[in-house]
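Okay, structure first, notes after.
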Amino acid sequence: MAAATVTARLAPWVEADTATRGLILWYGTALAAGDAAAQALRERAAEAAVGSFDPELGLVPWGAALGGARLRARTDGVPGLVSLLASTGPEGQAAAAAHLHRHLDLCLSREGTGRPRPAWRWDETRGWTAEADPAPGWSRGEAWLLLAVADALLLTDAPSWRPDRLTRAAELLLADYAMLVGPPVPPADAHRAEGPLDTSAAAITAVALLKLALVPGAAWSRVCACRAEAVLYRLARDHLTRPGGTRPAGMLLDGCYDAHSGTAVRHELVWGDFFLALGLAAHLGRVDLRRV
């Protein structure tokens with residue numbers, strides 16, 4: 001009952017002009033299997049997202065709800081939204097595949113940098129141009145992109161989704177950006193190794209790795225599962241508050257919202273909490289990540 005009440009509070013986001021509807025309304029409802037109200041909310045959100053798809057740009061724009069220019073593309077506008085769009089049938093599946101691949105076209109373009117470019121803006125005269133903030137090296141942005149690719153690889157192997165390209169994208173992200181090696185909890189900015197960590201990036205990465213471990217026939221399955229377990233262990237051991245302290249138990253600390261601006265650089269972040277809980281539940285066999 002409590003979970004249903006909290007889920008219902010997401011309803012105002014259904015019509016919000018933001019691609020983050022995917023994060024909010026897919027992951028916010030996908031765990032509520034069998035709940036009619038959550039299912040109805042997800043269906044409304046999916047139809048609204050399909051209606052926001054821009055055929056000319058080949059994606060659902062980032063939107064204006066969170067401020068700034070509307071016609072933008074960001075890596076945090078991909079995970080969840082791909083699954084949400086695809087849940088509506090053939091039209092939504094075509095939009096989902098286009099949305100994902102347009103972001104891969106943009107974000108995996110590494111002109112002048114060795115890392116994905118997480119944010120782009122559309123201009124009628126210049127087309128797509130990379131934005132300076134968030135900059136390449138944003139670890140949570142790279143985690144979001146890996147999660148979106150992992151979700152898509154579990155959704156379908158239809159040729160229109162270009163599964164071979166998705167496999168190459170996953171391999172590139174895994175190999176090039178230290179997601180399988182190095183410290184389990186990355187710095188918020190890969191170019192500032194001594195800067196603040198981001199446990200939310202680690203938690204998102206762990207769930208993405210667990211999903212990749214489920215991809216049929218993938219050569220990376222075992223190493224992804226082992227790495228995910230190591231990341232979850234480190235987060236639970238070193239970054240959670242404990243019973244008996246001055247703060248409630250179970251808070252995932254050391255998340256970094258924005259290292260560049262110094263905003264919430266050592267904080268509990270909602271997506272860190274959510275994906276740590278989801279990763280632990282999946283590791284314990286209590287959640288099927290092919291469904292969430």
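Ligands are numbered from 1 in the order shown, residues from 1 within each chain, and chains are lettered A, B, ... in the order they appear in the structure tokens.
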Mind checking which residues fall within 7 Å of range 214-216 of chain A, counting only C-alpha atoms, ignoring those fewer than 3 positions away in the same chain, and posting them as a ChimeraX atom specification? /A:153-154,210-211,221
Going by DSSP on the backbone, which bits of range 17-235 of chain A are helix (DSSP H, G or I)? Write them as a PyMOL selection string, please. chain A and resi 21-25+36-51+75-77+81-86+90-107+139-155+159-161+163-176+199-212+221-235
What are the DSSP strand (DSSP E or B) residues of range 44-240 of chain A, as a list in words?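 Across range 44-240 of chain A, those assigned strand (DSSP E or B) are Asp54, Leu59, Arg72, Ala73, Arg74, Ala119, Trp120, Arg121, Trp122, Asp123, Gly127, Trp128, Thr129, Ala130, Trp138, Pro187, Asp189, Leu197 and Leu240 of chain A.
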Surrounding residues of Ser261 in chain A excluding itself and chain neighbours under 3 positions, 12 Å, only C-alpha atoms, as a short mmCIF file (atom, residue, chain, number, x, y, z; two decimals) with N, CA, C and O atoms, in the first residue's frame:
data_model
loop_
_atom_site.label_atom_id
_atom_site.label_comp_id
_atom_site.auth_asym_id
_atom_site.auth_seq_id
_atom_site.Cartn_x
_atom_site.Cartn_y
_atom_site.Cartn_z
N ASP A 133 29.11 21.42 -20.89
CA ASP A 133 28.74 20.93 -19.56
C ASP A 133 27.42 20.15 -19.65
O ASP A 133 26.45 20.68 -20.17
N PRO A 134 27.40 18.91 -19.19
CA PRO A 134 28.49 18.14 -18.60
C PRO A 134 29.52 17.74 -19.66
O PRO A 134 29.18 17.47 -20.81
N ALA A 135 30.76 17.71 -19.22
CA ALA A 135 31.87 17.48 -20.14
C ALA A 135 32.22 16.00 -20.25
O ALA A 135 31.82 15.19 -19.41
N ALA A 188 33.89 11.29 -9.86
CA ALA A 188 32.78 11.88 -10.62
C ALA A 188 33.23 12.39 -11.97
O ALA A 188 32.50 12.34 -12.95
N ASP A 189 34.47 12.89 -12.02
CA ASP A 189 35.07 13.37 -13.26
C ASP A 189 36.31 12.53 -13.52
O ASP A 189 37.27 12.56 -12.73
N CYS A 256 28.02 12.25 -6.08
CA CYS A 256 28.39 13.59 -6.54
C CYS A 256 27.45 14.00 -7.66
O CYS A 256 27.49 13.44 -8.75
N TYR A 257 26.62 15.00 -7.39
CA TYR A 257 25.67 15.43 -8.41
C TYR A 257 26.38 16.18 -9.54
O TYR A 257 26.14 15.90 -10.71
N ASP A 258 27.26 17.13 -9.19
CA ASP A 258 27.93 17.92 -10.23
C ASP A 258 29.27 18.41 -9.69
O ASP A 258 29.33 19.40 -8.95
N ALA A 264 26.42 19.48 -4.51
CA ALA A 264 26.17 18.18 -3.86
C ALA A 264 27.28 17.19 -4.20
O ALA A 264 27.05 16.14 -4.79
N VAL A 265 28.50 17.53 -3.80
CA VAL A 265 29.64 16.71 -4.22
C VAL A 265 29.89 15.50 -3.32
O VAL A 265 30.59 14.57 -3.73
#
Return the single residue from A:Leu23, A:Ala202, A:Ala170, A:Val60 that is closest to Pro183 in chain A, with distances computed using only C-alpha atoms.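 Under the stated criterion, the closest residue is A:Ala202.
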Please identify all polymer residues within 8 Å of range 137-142 of chain A, counting only C-alpha atoms, omitting same-chain residues fewer than 5 positions from it, and present them as a list in words.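 With the cut-off at 8 Å, the set is Thr75, Asp76, Arg115, Pro116, Pro118, Leu173, Pro186, Pro187, Ala188, Asp189, Ala190, His191, Asp198, Ser200, Ala201, Ala202 and Ile204 of chain A.
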Set the distance at 10 Å and use only C-alpha atoms: which residues neighbour range 218-220 of chain A once local chain neighbours fewer than 2 positions away are removed? I'd like the list as a compact mmCIF listing (two decimals) with N, CA, C and O atoms, in the first residue's frame.
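As written to disk, result.txt reads:
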# COMPACT_ATOMS: atom_id res chain seq x y z
N THR A 167 26.20 -4.36 -29.47
CA THR A 167 27.27 -5.16 -28.88
C THR A 167 28.60 -4.42 -28.95
O THR A 167 29.36 -4.39 -27.98
N ALA A 170 28.64 -1.66 -26.36
CA ALA A 170 28.89 -2.20 -25.01
C ALA A 170 30.36 -2.54 -24.84
O ALA A 170 30.97 -2.22 -23.80
N GLU A 171 30.95 -3.17 -25.84
CA GLU A 171 32.36 -3.55 -25.76
C GLU A 171 33.25 -2.31 -25.65
O GLU A 171 34.23 -2.30 -24.88
N LEU A 174 32.85 -0.85 -22.11
CA LEU A 174 33.50 -1.70 -21.12
C LEU A 174 35.01 -1.62 -21.21
O LEU A 174 35.71 -1.54 -20.19
N LEU A 209 26.04 -3.79 -15.55
CA LEU A 209 26.88 -4.99 -15.69
C LEU A 209 26.08 -6.26 -15.43
O LEU A 209 26.25 -7.27 -16.12
N LEU A 212 24.12 -6.86 -18.52
CA LEU A 212 24.95 -7.39 -19.60
C LEU A 212 25.29 -8.86 -19.36
O LEU A 212 25.42 -9.62 -20.32
N ALA A 213 25.42 -9.26 -18.11
CA ALA A 213 25.71 -10.66 -17.80
C ALA A 213 24.58 -11.58 -18.21
O ALA A 213 24.78 -12.80 -18.34
N LEU A 214 23.38 -11.01 -18.43
CA LEU A 214 22.21 -11.80 -18.83
C LEU A 214 22.03 -11.90 -20.34
O LEU A 214 21.14 -12.62 -20.80
N VAL A 215 22.84 -11.16 -21.10
CA VAL A 215 22.69 -11.18 -22.57
C VAL A 215 23.08 -12.57 -23.08
O VAL A 215 24.20 -13.02 -22.85
N PRO A 216 22.18 -13.26 -23.78
CA PRO A 216 22.48 -14.62 -24.23
C PRO A 216 23.72 -14.68 -25.12
O PRO A 216 23.88 -13.90 -26.05
N ARG A 222 30.57 -13.53 -17.65
CA ARG A 222 31.17 -13.87 -16.36
C ARG A 222 31.92 -12.68 -15.76
O ARG A 222 31.78 -12.37 -14.58
N VAL A 223 32.71 -11.99 -16.57
CA VAL A 223 33.49 -10.88 -16.03
C VAL A 223 32.59 -9.74 -15.60
O VAL A 223 32.85 -9.07 -14.59
N CYS A 224 31.48 -9.52 -16.32
CA CYS A 224 30.54 -8.48 -15.91
C CYS A 224 29.88 -8.82 -14.58
O CYS A 224 29.73 -7.96 -13.71
N ALA A 225 29.48 -10.07 -14.42
CA ALA A 225 28.84 -10.49 -13.17
C ALA A 225 29.80 -10.35 -12.00
O ALA A 225 29.42 -9.87 -10.92
Find the residue from A:Leu235, A:Ala228, A:Ala259, A:Ala130 that sits nearest to Ala193 in chain A; use only C-alpha atoms when measuring.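 Among the listed residues, the smallest separation from Ala193 in chain A belongs to A:Ala259.
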What lies within 7 Å of Glu131 in chain A using only C-alpha atoms, ignoring chain neighbours under 2 positions off, as a list in words?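 Everything that qualifies: Ala119, Trp120, Arg121, Thr129 and Asp133 of chain A.
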Identify which of the residues A:Ala16, A:Leu172, A:Ala96, A:Ala64 lies closest to Gly114 in chain A, counting only C-alpha atoms when measuring atom-to-atom distances.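 Once distances to Gly114 in chain A are computed over only C-alpha atoms, the minimum belongs to A:Leu172.
Considering the residues A:Gly28, A:Pro159, A:Gly34, A:Gly92 and counting only C-alpha atoms, Ala48 in chain A has its shortest atom-to-atom contact with A:Gly92.
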List as number ranges by chain the protein and nucleic acid residues near Gly63 in chain A, meaning an atom at most 10 Å away when only C-alpha atoms are counted, but skip any in the same chain fewer than 5 places from it. A: 16-20, 52, 68-73, 77
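Closest approach to Pro248 in chain A among A:Glu91, A:Glu43, A:Gly217, A:Glu268: A:Glu268, based on only C-alpha atoms.
In this comparison, which uses only C-alpha atoms, the residue of A:Thr263, A:Gly255, A:Ala33, A:Trp161 approaching Asp288 in chain A most closely is A:Ala33.
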